[in-house]
file my_file_11.txt (compact mmCIF, C-alpha atoms and all ligand atoms)
# COMPACT_ATOMS: atom_id res chain seq x y z
CA MET A 1 9.37 -35.05 6.21
CA GLY A 2 6.22 -33.55 4.67
CA VAL A 3 4.04 -30.99 6.41
CA SER A 4 1.61 -32.93 8.56
CA PRO A 5 -2.05 -31.86 8.48
CA ARG A 6 -2.08 -32.68 12.17
CA PRO A 7 0.78 -31.15 14.05
CA THR A 8 3.58 -32.69 16.04
CA VAL A 9 3.80 -31.07 19.44
CA ILE A 10 6.51 -31.34 22.07
CA VAL A 11 5.57 -30.20 25.57
CA ASN A 12 7.58 -29.25 28.63
CA VAL A 13 5.65 -27.81 31.59
CA GLY A 14 8.67 -27.24 33.84
CA PRO A 15 7.63 -27.12 37.52
CA TRP A 16 3.91 -27.66 36.89
CA ASP A 17 1.97 -30.87 37.53
CA VAL A 18 2.68 -32.87 34.39
CA LYS A 19 -0.24 -35.27 34.97
CA ALA A 20 -2.86 -32.53 34.63
CA TRP A 21 -1.20 -31.20 31.50
CA ARG A 22 -0.89 -34.63 29.88
CA SER A 23 -4.57 -35.14 30.42
CA ALA A 24 -5.44 -31.72 28.93
CA PHE A 25 -3.07 -32.13 25.96
CA ALA A 26 -4.68 -35.48 25.17
CA ALA A 27 -7.60 -33.43 23.77
CA LEU A 28 -5.33 -31.72 21.23
CA ASP A 29 -5.80 -33.02 17.71
CA ALA A 30 -2.13 -33.74 17.22
CA ASP A 31 -0.38 -36.25 14.99
CA ALA A 32 2.18 -36.87 17.69
CA LEU A 33 2.52 -35.55 21.18
CA PHE A 34 5.89 -35.87 22.85
CA TRP A 35 6.89 -35.47 26.45
CA PRO A 36 10.67 -35.48 26.49
CA GLU A 37 10.74 -36.82 30.03
CA ASP A 38 9.41 -40.10 28.57
CA GLY A 39 12.77 -40.70 26.96
CA ASP A 40 14.34 -40.16 23.55
CA VAL A 41 12.24 -37.97 21.31
CA THR A 42 13.12 -37.61 17.66
CA PRO A 43 10.24 -35.96 15.85
CA ASP A 44 9.97 -37.06 12.22
CA ALA A 45 7.87 -34.05 11.20
CA PRO A 46 8.08 -30.29 11.74
CA TYR A 47 7.08 -29.62 15.32
CA TYR A 48 5.77 -27.01 17.75
CA LEU A 49 7.19 -26.50 21.21
CA CYS A 50 4.79 -25.74 24.06
CA ALA A 51 6.59 -24.69 27.21
CA TRP A 52 6.39 -23.21 30.68
CA LYS A 53 9.68 -22.52 32.48
CA ALA A 54 11.34 -25.35 30.56
CA PRO A 55 15.07 -25.74 31.18
CA ALA A 56 17.46 -24.31 28.58
CA GLY A 57 18.38 -27.89 27.61
CA PHE A 58 14.86 -28.42 26.24
CA PHE A 59 15.31 -25.65 23.68
CA GLN A 60 18.89 -26.78 22.94
CA ARG A 61 17.51 -30.23 22.08
CA PHE A 62 14.73 -29.03 19.78
CA THR A 63 16.29 -26.19 17.84
CA GLU A 64 14.07 -25.79 14.77
CA PRO A 65 10.45 -25.49 15.97
CA LYS A 66 7.78 -24.03 13.70
CA ALA A 67 6.79 -21.89 16.67
CA ILE A 68 7.22 -21.77 20.42
CA ILE A 69 4.02 -21.40 22.41
CA SER A 70 4.22 -20.16 26.01
CA LEU A 71 1.69 -21.89 28.25
CA GLY A 72 1.09 -18.60 30.06
CA ALA A 73 0.88 -14.87 29.34
CA GLY A 74 4.56 -14.13 29.90
CA VAL A 75 7.33 -15.12 27.53
CA ASP A 76 10.37 -14.08 29.58
CA HIS A 77 10.89 -17.73 30.55
CA ILE A 78 11.48 -18.47 26.85
CA LEU A 79 13.36 -15.34 25.75
CA ASP A 80 15.72 -15.61 28.75
CA VAL A 81 16.93 -19.09 27.80
CA VAL A 82 16.75 -19.10 24.00
CA PRO A 83 19.35 -16.60 22.81
CA GLU A 84 18.40 -16.61 19.14
CA ILE A 85 14.84 -17.29 18.12
CA ARG A 86 13.98 -17.52 14.46
CA CYS A 87 10.40 -18.77 14.79
CA PRO A 88 7.25 -17.02 16.05
CA VAL A 89 6.80 -16.96 19.83
CA VAL A 90 3.13 -17.04 20.82
CA ARG A 91 1.76 -16.28 24.28
CA ILE A 92 -1.58 -17.08 25.87
CA VAL A 93 -4.31 -14.47 26.08
CA SER A 94 -7.24 -16.21 27.67
CA PRO A 95 -10.35 -15.14 29.55
CA SER A 96 -9.37 -17.85 32.03
CA LEU A 97 -6.07 -16.10 32.84
CA THR A 98 -7.53 -12.60 32.76
CA ALA A 99 -10.44 -13.42 35.07
CA ARG A 100 -8.06 -14.90 37.62
CA MET A 101 -5.84 -11.85 37.52
CA VAL A 102 -8.84 -9.57 38.00
CA GLU A 103 -9.80 -11.62 41.08
CA TYR A 104 -6.29 -11.44 42.50
CA VAL A 105 -5.73 -7.73 41.93
CA SER A 106 -9.17 -6.83 43.32
CA LEU A 107 -8.50 -8.99 46.37
CA ALA A 108 -5.04 -7.47 46.88
CA VAL A 109 -6.19 -3.87 46.61
CA LEU A 110 -9.14 -4.43 48.95
CA TYR A 111 -6.92 -6.40 51.38
CA LEU A 112 -4.52 -3.47 51.66
CA HIS A 113 -7.02 -0.62 51.53
CA ARG A 114 -9.35 -2.27 54.10
CA GLU A 115 -6.32 -3.12 56.32
CA VAL A 116 -6.95 -6.85 56.67
CA PRO A 117 -3.57 -7.47 58.39
CA LEU A 118 -4.44 -4.88 61.08
CA LEU A 119 -7.92 -6.38 61.56
CA ARG A 120 -6.45 -9.90 61.85
CA ALA A 121 -3.96 -8.68 64.48
CA ARG A 122 -6.78 -7.05 66.45
CA GLN A 123 -8.86 -10.20 66.17
CA ARG A 124 -5.99 -12.25 67.61
CA ARG A 125 -5.88 -9.82 70.56
CA LYS A 126 -9.73 -9.88 70.86
CA GLU A 127 -9.75 -6.10 70.39
CA TRP A 128 -12.99 -4.46 69.28
CA ILE A 129 -11.88 -1.03 68.06
CA ASP A 130 -14.14 1.22 66.04
CA MET A 131 -12.63 2.59 62.84
CA ILE A 132 -13.75 4.36 59.70
CA GLN A 133 -11.82 3.51 56.59
CA PRO A 134 -11.74 5.74 53.48
CA GLN A 135 -14.17 4.75 50.76
CA ALA A 136 -12.69 3.38 47.52
CA SER A 137 -13.65 6.61 45.77
CA ALA A 138 -10.96 8.39 47.85
CA VAL A 139 -8.25 5.94 46.82
CA THR A 140 -6.14 6.13 43.64
CA VAL A 141 -4.75 2.90 42.24
CA GLY A 142 -2.07 2.97 39.55
CA LEU A 143 -1.54 0.05 37.20
CA LEU A 144 1.93 -0.39 35.76
CA GLY A 145 1.04 -2.08 32.47
CA LEU A 146 -2.18 -1.42 30.61
CA GLY A 147 -2.22 -4.56 28.48
CA VAL A 148 -4.75 -7.35 28.56
CA MET A 149 -4.40 -7.80 32.33
CA GLY A 150 -4.03 -4.12 33.19
CA GLN A 151 -7.11 -3.05 31.24
CA ALA A 152 -9.31 -5.77 32.74
CA CYS A 153 -8.10 -4.96 36.27
CA ALA A 154 -8.66 -1.23 35.66
CA LYS A 155 -12.31 -1.89 34.80
CA ALA A 156 -12.85 -4.12 37.85
CA LEU A 157 -11.22 -1.60 40.21
CA GLN A 158 -13.30 1.20 38.75
CA ALA A 159 -16.41 -0.88 39.27
CA LEU A 160 -15.42 -1.11 42.96
CA GLY A 161 -15.22 2.68 43.03
CA TYR A 162 -11.44 3.27 42.90
CA LYS A 163 -9.86 6.07 40.91
CA VAL A 164 -7.64 4.28 38.41
CA ARG A 165 -4.58 5.30 36.43
CA GLY A 166 -2.49 3.31 33.99
CA TRP A 167 1.04 3.44 32.65
CA SER A 168 2.22 1.81 29.44
CA ARG A 169 5.08 1.94 26.93
CA THR A 170 2.98 3.49 24.17
CA PRO A 171 0.21 6.07 24.70
CA HIS A 172 -3.26 4.67 25.37
CA ASP A 173 -6.58 6.38 25.03
CA ASP A 174 -8.82 4.17 27.16
CA PRO A 175 -12.02 5.94 28.11
CA GLY A 176 -12.24 6.38 31.87
CA ILE A 177 -8.61 5.55 32.64
CA ASP A 178 -6.11 8.33 33.24
CA SER A 179 -3.31 7.08 31.00
CA PHE A 180 0.40 7.86 31.14
CA SER A 181 3.20 6.46 29.02
CA GLY A 182 6.95 6.21 28.68
CA LYS A 183 9.70 7.12 31.14
CA GLU A 184 8.69 10.79 30.84
CA GLY A 185 5.14 9.99 31.94
CA LEU A 186 6.17 7.98 35.01
CA PRO A 187 6.55 10.79 37.62
CA ALA A 188 3.10 12.22 36.86
CA PHE A 189 1.61 8.72 36.95
CA LEU A 190 3.16 7.94 40.35
CA SER A 191 2.39 11.23 42.04
CA GLY A 192 -1.05 11.00 43.65
CA LEU A 193 -1.10 7.19 43.92
CA ASP A 194 -2.13 5.34 47.08
CA VAL A 195 -1.72 1.84 45.66
CA LEU A 196 0.75 0.83 42.96
CA CYS A 197 -0.04 -2.39 41.18
CA ASN A 198 2.54 -3.93 38.88
CA LEU A 199 1.38 -5.92 35.85
CA LEU A 200 4.43 -5.37 33.67
CA PRO A 201 6.23 -8.10 31.77
CA ALA A 202 9.93 -8.69 32.48
CA THR A 203 11.90 -7.15 29.63
CA ALA A 204 15.23 -5.43 29.17
CA GLU A 205 13.41 -2.12 29.72
CA THR A 206 11.29 -3.04 32.72
CA ASN A 207 13.78 -5.10 34.73
CA GLY A 208 14.79 -3.24 37.91
CA LEU A 209 12.38 -0.41 37.15
CA ILE A 210 10.61 -0.32 40.53
CA GLY A 211 12.42 0.68 43.72
CA THR A 212 12.79 3.29 46.45
CA SER A 213 12.36 6.29 44.17
CA THR A 214 9.17 4.76 42.72
CA PHE A 215 7.58 4.41 46.16
CA GLU A 216 8.83 7.85 47.28
CA ALA A 217 7.08 9.44 44.30
CA MET A 218 3.66 8.18 45.49
CA THR A 219 2.03 10.97 47.49
CA CYS A 220 -0.82 8.75 48.84
CA PRO A 221 -3.41 11.52 49.35
CA GLY A 222 -6.33 9.12 49.88
CA LEU A 223 -4.89 6.71 52.44
CA GLY A 224 -1.88 8.54 53.86
CA VAL A 225 0.07 5.32 53.40
CA ARG A 226 1.58 3.70 50.30
CA TYR A 227 0.82 0.15 49.22
CA PHE A 228 2.33 -2.10 46.55
CA VAL A 229 0.94 -5.11 44.68
CA ASN A 230 3.15 -7.17 42.40
CA ALA A 231 1.49 -9.69 40.10
CA GLY A 232 3.62 -8.89 37.03
CA ARG A 233 7.18 -10.12 37.36
CA GLY A 234 9.67 -10.08 40.23
CA GLU A 235 12.55 -8.99 38.02
CA THR A 236 10.94 -5.58 37.52
CA VAL A 237 11.46 -4.78 41.23
CA ARG A 238 14.70 -4.04 43.07
CA GLU A 239 13.87 -6.51 45.83
CA LEU A 240 16.29 -5.21 48.48
CA GLU A 241 14.81 -1.73 48.08
CA LEU A 242 11.31 -3.21 48.36
CA ILE A 243 12.27 -4.95 51.61
CA ALA A 244 13.81 -1.73 52.96
CA ALA A 245 10.68 0.25 52.01
CA LEU A 246 8.50 -2.24 53.91
CA GLU A 247 10.84 -2.19 56.91
CA THR A 248 11.07 1.60 57.15
CA GLY A 249 7.38 2.28 56.55
CA LEU A 250 7.94 3.97 53.20
CA LEU A 251 5.49 1.26 52.13
CA GLY A 252 2.69 0.39 54.55
CA GLY A 253 2.21 -3.05 53.09
CA ALA A 254 2.39 -5.23 50.01
CA VAL A 255 0.80 -8.21 48.32
CA LEU A 256 3.45 -10.07 46.34
CA ASP A 257 2.91 -12.95 43.93
CA VAL A 258 6.11 -12.83 41.90
CA PHE A 259 9.78 -12.63 42.87
CA ALA A 260 13.16 -12.31 41.19
CA ASN A 261 13.95 -15.87 42.30
CA GLU A 262 11.14 -18.40 42.52
CA PRO A 263 10.42 -20.20 44.73
CA LEU A 264 11.10 -17.26 47.07
CA ASP A 265 14.27 -18.01 49.01
CA ALA A 266 13.57 -19.44 52.48
CA GLY A 267 15.89 -16.77 53.88
CA SER A 268 13.96 -13.85 52.36
CA ALA A 269 12.80 -11.28 54.92
CA LEU A 270 9.53 -11.00 52.98
CA TRP A 271 8.24 -14.31 54.36
CA GLY A 272 8.12 -13.04 57.93
CA MET A 273 6.72 -9.55 57.45
CA ASP A 274 3.32 -8.92 59.05
CA ASN A 275 2.56 -6.23 56.47
CA VAL A 276 3.25 -8.54 53.49
CA LEU A 277 1.11 -11.24 51.92
CA VAL A 278 3.27 -13.64 49.92
CA THR A 279 1.56 -15.89 47.37
CA PRO A 280 3.44 -18.51 45.30
CA HIS A 281 3.01 -17.12 41.75
CA VAL A 282 -0.62 -18.15 41.54
CA ALA A 283 -2.33 -14.83 40.77
CA ALA A 284 -3.43 -16.05 37.36
CA ASN A 285 -2.24 -19.60 37.06
CA SER A 286 -2.71 -21.54 33.82
CA ASP A 287 -5.65 -23.92 33.84
CA PRO A 288 -4.51 -26.80 31.60
CA VAL A 289 -7.86 -27.40 29.88
CA ALA A 290 -8.45 -23.72 29.07
CA ILE A 291 -4.87 -23.14 27.96
CA VAL A 292 -4.72 -26.20 25.67
CA ALA A 293 -7.78 -24.83 23.85
CA ASP A 294 -5.79 -21.64 23.19
CA VAL A 295 -2.78 -23.67 22.09
CA ALA A 296 -5.04 -25.46 19.59
CA SER A 297 -6.25 -22.12 18.16
CA ALA A 298 -2.69 -20.82 17.85
CA ILE A 299 -1.54 -23.98 16.06
CA ALA A 300 -4.58 -23.91 13.76
CA ALA A 301 -3.73 -20.33 12.76
CA LEU A 302 -0.08 -21.19 12.15
CA GLU A 303 -1.00 -24.30 10.12
CA ALA A 304 -3.28 -22.09 8.01
CA GLY A 305 -0.33 -19.79 7.32
CA ARG A 306 -1.58 -17.00 9.61
CA ILE A 307 0.32 -15.24 12.38
CA PRO A 308 -1.63 -15.81 15.62
CA ALA A 309 -2.88 -12.62 17.24
CA ASN A 310 -0.82 -13.23 20.36
CA THR A 311 2.53 -13.55 18.64
CA ILE A 312 4.99 -11.41 20.58
CA ASP A 313 7.18 -8.65 19.25
CA ARG A 314 10.65 -10.06 19.94
CA GLU A 315 12.24 -6.61 19.75
CA ASN A 316 10.07 -5.33 22.63
CA GLY A 317 10.35 -8.62 24.53
CA TYR A 318 6.63 -9.05 25.26
P1 LIG B 1 0.37 -7.40 27.68
O1 LIG B 1 -1.03 -7.40 27.17
O2 LIG B 1 1.48 -7.65 26.74
O3 LIG B 1 0.60 -5.99 28.42
C1 LIG B 1 1.85 -5.56 28.82
C2 LIG B 1 1.73 -4.11 29.26
O4 LIG B 1 3.00 -3.67 29.75
C3 LIG B 1 1.37 -3.18 28.09
O5 LIG B 1 0.48 -2.20 28.51
C4 LIG B 1 2.72 -2.58 27.71
O6 LIG B 1 2.64 -1.28 27.11
C5 LIG B 1 3.34 -2.47 29.08
N1 LIG B 1 4.80 -2.34 28.96
C6 LIG B 1 5.69 -3.22 28.45
N2 LIG B 1 6.93 -2.70 28.46
C7 LIG B 1 6.83 -1.47 29.01
C8 LIG B 1 7.75 -0.43 29.26
N3 LIG B 1 9.04 -0.54 28.96
N4 LIG B 1 7.28 0.72 29.80
C9 LIG B 1 5.96 0.87 30.09
N5 LIG B 1 5.03 -0.08 29.88
C10 LIG B 1 5.47 -1.24 29.33
O7 LIG B 1 0.54 -8.45 28.86
P2 LIG B 1 -0.58 -8.99 29.85
O8 LIG B 1 -1.29 -10.14 29.25
O9 LIG B 1 -1.36 -7.84 30.35
O10 LIG B 1 0.34 -9.59 31.00
C11 LIG B 1 1.24 -8.75 31.68
C12 LIG B 1 2.20 -9.54 32.49
O11 LIG B 1 1.56 -10.08 33.63
C13 LIG B 1 2.80 -10.77 31.81
O12 LIG B 1 3.85 -10.44 30.95
C14 LIG B 1 3.30 -11.55 33.00
O13 LIG B 1 4.61 -11.10 33.32
C15 LIG B 1 2.35 -11.14 34.11
N6 LIG B 1 1.45 -12.24 34.48
C16 LIG B 1 1.55 -12.73 35.74
C17 LIG B 1 0.71 -13.74 36.14
C18 LIG B 1 0.76 -14.27 37.54
O14 LIG B 1 0.16 -15.31 37.82
N7 LIG B 1 1.39 -13.58 38.45
C19 LIG B 1 -0.23 -14.27 35.23
C20 LIG B 1 -0.31 -13.75 33.97
C21 LIG B 1 0.53 -12.71 33.61
P3 LIG B 1 1.89 -1.07 25.70
O15 LIG B 1 0.43 -1.17 26.03
O16 LIG B 1 2.30 0.27 25.29
O17 LIG B 1 2.36 -2.16 24.79
C1 LIG B 2 2.12 -16.24 34.61
O1 LIG B 2 2.93 -15.73 35.28
C2 LIG B 2 1.93 -15.97 33.22
O2 LIG B 2 2.76 -15.24 32.66
O3 LIG B 2 0.97 -16.49 32.63

call {"tool": "encode", "arguments": {"input": "my_file_11.txt", "output": "structure tokens", "more": "lines below"}}
Ligand code: NAP
Ligand code: GLV
result
Amino acid sequence: MGVSPRPTVIVNVGPWDVKAWRSAFAALDADALFWPEDGDVTPDAPYYLCAWKAPAGFFQRFTEPKAIISLGAGVDHILDVVPEIRCPVVRIVSPSLTARMVEYVSLAVLYLHREVPLLRARQRRKEWIDMIQPQASAVTVGLLGLGVMGQACAKALQALGYKVRGWSRTPHDDPGIDSFSGKEGLPAFLSGLDVLCNLLPATAETNGLIGTSTFEAMTCPGLGVRYFVNAGRGETVRELELIAALETGLLGGAVLDVFANEPLDAGSALWGMDNVLVTPHVAANSDPVAIVADVASAIAALEAGRIPANTIDRENGY
């Protein structure tokens, strides 16, 4: 088993459309490309695992990868099912993912701020009612997470005229963004927000972070009503408290892409709420062709003995 100049790659795309991924992976310059669902796979060379929401059994079957590459930005789907990881875990940072997230977050903030659900309801009733909505410059949007996604969304929201704040684990000094960090910085970050937008990864520290007290801390001076957008991870939100906040009016509305359990349970109250837009974890979905190009760069770096830039810090969990 010598080191192959062209890598052996084993892919599991979980719930995604395998056909599209097979076609995209065909462009990868690999010595061997395995899809375990084709049957018995016994790689005869060191191999890489590429995965999205693969079942635990996949990682139990292939226990000594050179690296595990997530086919998206998040790595919780790997860290949650592989208890001990000895190899590098690489995530995707791609303009393709970031651009989609910017589109989604901009849409969500505008949808809430410009009261699209109210306008739709009035349209259904054929009601022509004059209204003047606050300009974006009166509205403060807070981004939980100021990473690749958070920073790009901050710029886009600023370009639309919003006042933007960000919260991260470590202090940031991004020009133009009011930055807060750590648990101690959270109350000051939340106070004064009209719209809270979550772009945090799911980690031991962030899970269950957002709930009633988070929403209560938002003073919503620009809109007089609090809104929530979740495009990070569902696990970071205490979902029953979110539902209660939407039912009681503590939150005026929400746009939700991610949930603690996906697909969202058919019995969830969130499905039927007029003030909630539910989307099926598609805010920034992985485009197979774009993502495979990033996989190729990561593997090339690893084969050259370099640590790819997007290798996660396992201690921090993201
Ligand atoms: P990233 O670059 O790693 O950024 C993560 C951000 O979260 C960083 O600013 C980090 O702080 C902050 N953070 C992490 N732990 C924290 C903590 N305990 N307290 C405060 N801040 C904390 O990740 P990204 O590429 O922006 O992606 C973010 C997440 O978006 C992904 O992990 C994934 O869950 C989600 N996502 C969702 C979709 C979708 O379709 N819905 C698509 C792509 C990504 P520091 O800056 O201090 O490190
Ligand atoms: C999607 O949720 C991702 O993490 O890329």

call {"tool": "atom_distance", "arguments": {"input": "my_file_11.txt", "atom1": "CA of Leu33 (chain A)", "atom2": "CA of Ile10 (chain A)"}}
result
5.9 Å

call {"tool": "residues_near_ligand", "arguments": {"input": "my_file_11.txt", "ligand": "ligand LIG 2 (chain B)", "cutoff": "6 Å", "atoms": "all atoms listed in the file", "output": "MDAnalysis selection string"}}
result
chainID A and resid 72:74

call {"tool": "closest_atom_pairs", "arguments": {"input": "my_file_11.txt", "of": "chain A", "to": "ligand LIG 1 (chain B)", "cutoff": "7 Å", "atoms": "all atoms listed in the file", "output": "CSV"}}
result
residue,atom,partner,partner_atom,distance
A:Gly72,CA,B:LIG1,C20,6.4
A:Ala73,CA,B:LIG1,C21,4.8
A:Gly74,CA,B:LIG1,O12,3.9
A:Val75,CA,B:LIG1,O12,6.8
A:Val93,CA,B:LIG1,O8,6.2
A:Leu97,CA,B:LIG1,C20,6.3
A:Met101,CA,B:LIG1,C19,6.5
A:Leu144,CA,B:LIG1,N5,6.7
A:Gly145,CA,B:LIG1,O4,3.7
A:Leu146,CA,B:LIG1,O5,3.5
A:Gly147,CA,B:LIG1,O3,3.2
A:Val148,CA,B:LIG1,O9,3.9
A:Met149,CA,B:LIG1,O9,3.6
A:Gly150,CA,B:LIG1,O9,5.4
A:Trp167,CA,B:LIG1,N5,6.0
A:Ser168,CA,B:LIG1,N5,3.4
A:Arg169,CA,B:LIG1,C9,3.5
A:Thr170,CA,B:LIG1,O16,3.5
A:Pro171,CA,B:LIG1,O16,6.2
A:His172,CA,B:LIG1,O15,6.9
A:Ser181,CA,B:LIG1,C9,6.3
A:Gly182,CA,B:LIG1,C9,5.6
A:Lys183,CA,B:LIG1,N4,7.0
A:Leu199,CA,B:LIG1,O11,4.7
A:Leu200,CA,B:LIG1,O4,4.5
A:Pro201,CA,B:LIG1,O12,3.4
A:Ala202,CA,B:LIG1,O13,5.9
A:Thr203,CA,B:LIG1,N2,6.8
A:Glu205,CA,B:LIG1,N3,4.7
A:Thr206,CA,B:LIG1,N3,5.0
A:Ala231,CA,B:LIG1,N7,4.2
A:Gly232,CA,B:LIG1,C15,3.9
A:Arg233,CA,B:LIG1,O13,4.9
A:Asp257,CA,B:LIG1,N7,5.7
A:Val258,CA,B:LIG1,N7,5.9
A:His281,CA,B:LIG1,N7,5.1
A:Val282,CA,B:LIG1,O14,4.7
A:Ala283,CA,B:LIG1,O14,3.9
A:Ala284,CA,B:LIG1,O14,3.7
A:Asn285,CA,B:LIG1,O14,5.0
A:Tyr318,CA,B:LIG1,O2,5.5

call {"tool": "closest_residue", "arguments": {"input": "my_file_11.txt", "among": "A:Ala296, A:Ile92, A:Ala24, A:Ala136", "to": "Trp52 (chain A)", "atoms": "all atoms listed in the file"}}
result
A:Ile92

call {"tool": "atom_distance", "arguments": {"input": "my_file_11.txt", "atom1": "CA of Thr63 (chain A)", "atom2": "CA of Ala260 (chain A)"}}
result
27.3 Å

call {"tool": "atom_distance", "arguments": {"input": "my_file_11.txt", "atom1": "CA of Val195 (chain A)", "atom2": "CA of Val229 (chain A)"}}
result
7.5 Å

call {"tool": "closest_residue", "arguments": {"input": "my_file_11.txt", "among": "A:Asp274, A:Gln151, A:Lys53, A:Asn310", "to": "Glu262 (chain A)", "atoms": "all atoms listed in the file"}}
result
A:Lys53

call {"tool": "closest_residue", "arguments": {"input": "my_file_11.txt", "among": "A:Glu216, A:Asp80, A:Glu239, A:Glu115", "to": "Ser268 (chain A)", "atoms": "all atoms listed in the file"}}
result
A:Glu239

call {"tool": "residues_around", "arguments": {"input": "my_file_11.txt", "residues": "Pro187 (chain A)", "least_positions_apart": "6", "cutoff": "12 Å", "atoms": "only C-alpha atoms", "output": "number ranges by chain"}}
result
A: 142, 167, 180-181, 193, 213-219

call {"tool": "closest_residue", "arguments": {"input": "my_file_11.txt", "among": "A:Ala269, A:Thr8, A:Arg124, A:Asp31", "to": "Glu247 (chain A)", "atoms": "only C-alpha atoms"}}
result
A:Ala269

call {"tool": "closest_atom_pairs", "arguments": {"input": "my_file_11.txt", "of": "region 31-118 of chain A", "to": "region 14-19 of chain A", "cutoff": "12 Å", "atoms": "only C-alpha atoms", "output": "tab-separated table"}}
result
residue	atom	partner	partner_atom	distance
A:Trp35	CA	A:Val18	CA	9.4
A:Pro36	CA	A:Gly14	CA	11.2
A:Glu37	CA	A:Val18	CA	10.0
A:Asp38	CA	A:Val18	CA	11.5
A:Cys50	CA	A:Gly14	CA	10.6
A:Ala51	CA	A:Gly14	CA	7.4
A:Trp52	CA	A:Gly14	CA	5.6
A:Lys53	CA	A:Gly14	CA	5.0
A:Ala54	CA	A:Gly14	CA	4.6
A:Pro55	CA	A:Gly14	CA	7.1
A:Ala56	CA	A:Gly14	CA	10.7
A:Gly57	CA	A:Gly14	CA	11.6
A:Phe58	CA	A:Gly14	CA	9.9
A:Ser70	CA	A:Gly14	CA	11.5
A:Leu71	CA	A:Gly14	CA	10.4
A:Gly72	CA	A:Trp16	CA	11.7
A:His77	CA	A:Gly14	CA	10.3
A:Ile78	CA	A:Gly14	CA	11.6

call {"tool": "residues_near_point", "arguments": {"input": "my_file_11.txt", "point": "(-5.3, 8.3, 49.4)", "cutoff": "8 Å", "atoms": "only C-alpha atoms", "output": "MDAnalysis selection string"}}
result
chainID A and resid 138:140 192:194 220:225

call {"tool": "closest_residue", "arguments": {"input": "my_file_11.txt", "among": "A:Lys155, A:Arg114, A:Arg86, A:Lys126", "to": "Ala99 (chain A)", "atoms": "all atoms listed in the file"}}
result
A:Lys155

call {"tool": "residues_near_point", "arguments": {"input": "my_file_11.txt", "point": "(12.8, -15.1, 20.6)", "cutoff": "12 Å", "atoms": "all atoms listed in the file", "output": "number ranges by chain"}}
result
A: 59, 63, 65, 67-70, 75-91, 311-318

call {"tool": "build_atoms", "arguments": {"input": "my_file_11.txt", "residues": "region 61-65 of chain A", "atoms": "all heavy atoms", "output": "compact mmCIF listing (two decimals), in the frame of the given file"}}
result
# COMPACT_ATOMS: atom_id res chain seq x y z
N ARG A 61 17.76 -28.91 22.68
CA ARG A 61 17.51 -30.23 22.08
C ARG A 61 16.62 -30.10 20.84
O ARG A 61 16.79 -30.83 19.88
CB ARG A 61 16.77 -31.07 23.12
CG ARG A 61 17.30 -32.46 23.24
CD ARG A 61 16.71 -33.07 24.48
NE ARG A 61 16.03 -34.30 24.14
CZ ARG A 61 15.19 -34.91 24.95
NH1 ARG A 61 14.90 -34.40 26.13
NH2 ARG A 61 14.62 -36.03 24.58
N PHE A 62 15.68 -29.17 20.89
CA PHE A 62 14.73 -29.03 19.78
C PHE A 62 14.91 -27.63 19.21
O PHE A 62 14.28 -26.67 19.66
CB PHE A 62 13.30 -29.26 20.28
CG PHE A 62 13.13 -30.58 20.96
CD1 PHE A 62 13.01 -30.67 22.33
CD2 PHE A 62 13.13 -31.76 20.21
CE1 PHE A 62 12.88 -31.89 22.97
CE2 PHE A 62 13.00 -32.99 20.84
CZ PHE A 62 12.88 -33.06 22.22
N THR A 63 15.80 -27.53 18.23
CA THR A 63 16.29 -26.19 17.84
C THR A 63 15.56 -25.58 16.65
O THR A 63 15.76 -24.41 16.36
CB THR A 63 17.79 -26.28 17.49
OG1 THR A 63 17.94 -27.34 16.54
CG2 THR A 63 18.63 -26.54 18.73
N GLU A 64 14.71 -26.35 15.97
CA GLU A 64 14.07 -25.79 14.77
C GLU A 64 12.54 -25.91 14.85
O GLU A 64 11.91 -26.46 13.94
CB GLU A 64 14.58 -26.52 13.50
CG GLU A 64 16.05 -26.30 13.19
CD GLU A 64 16.39 -24.84 12.85
OE1 GLU A 64 15.48 -24.09 12.41
OE2 GLU A 64 17.55 -24.46 13.05
N PRO A 65 11.92 -25.39 15.90
CA PRO A 65 10.45 -25.49 15.97
C PRO A 65 9.79 -24.57 14.95
O PRO A 65 10.37 -23.56 14.54
CB PRO A 65 10.13 -25.02 17.40
CG PRO A 65 11.28 -24.16 17.80
CD PRO A 65 12.49 -24.65 17.06
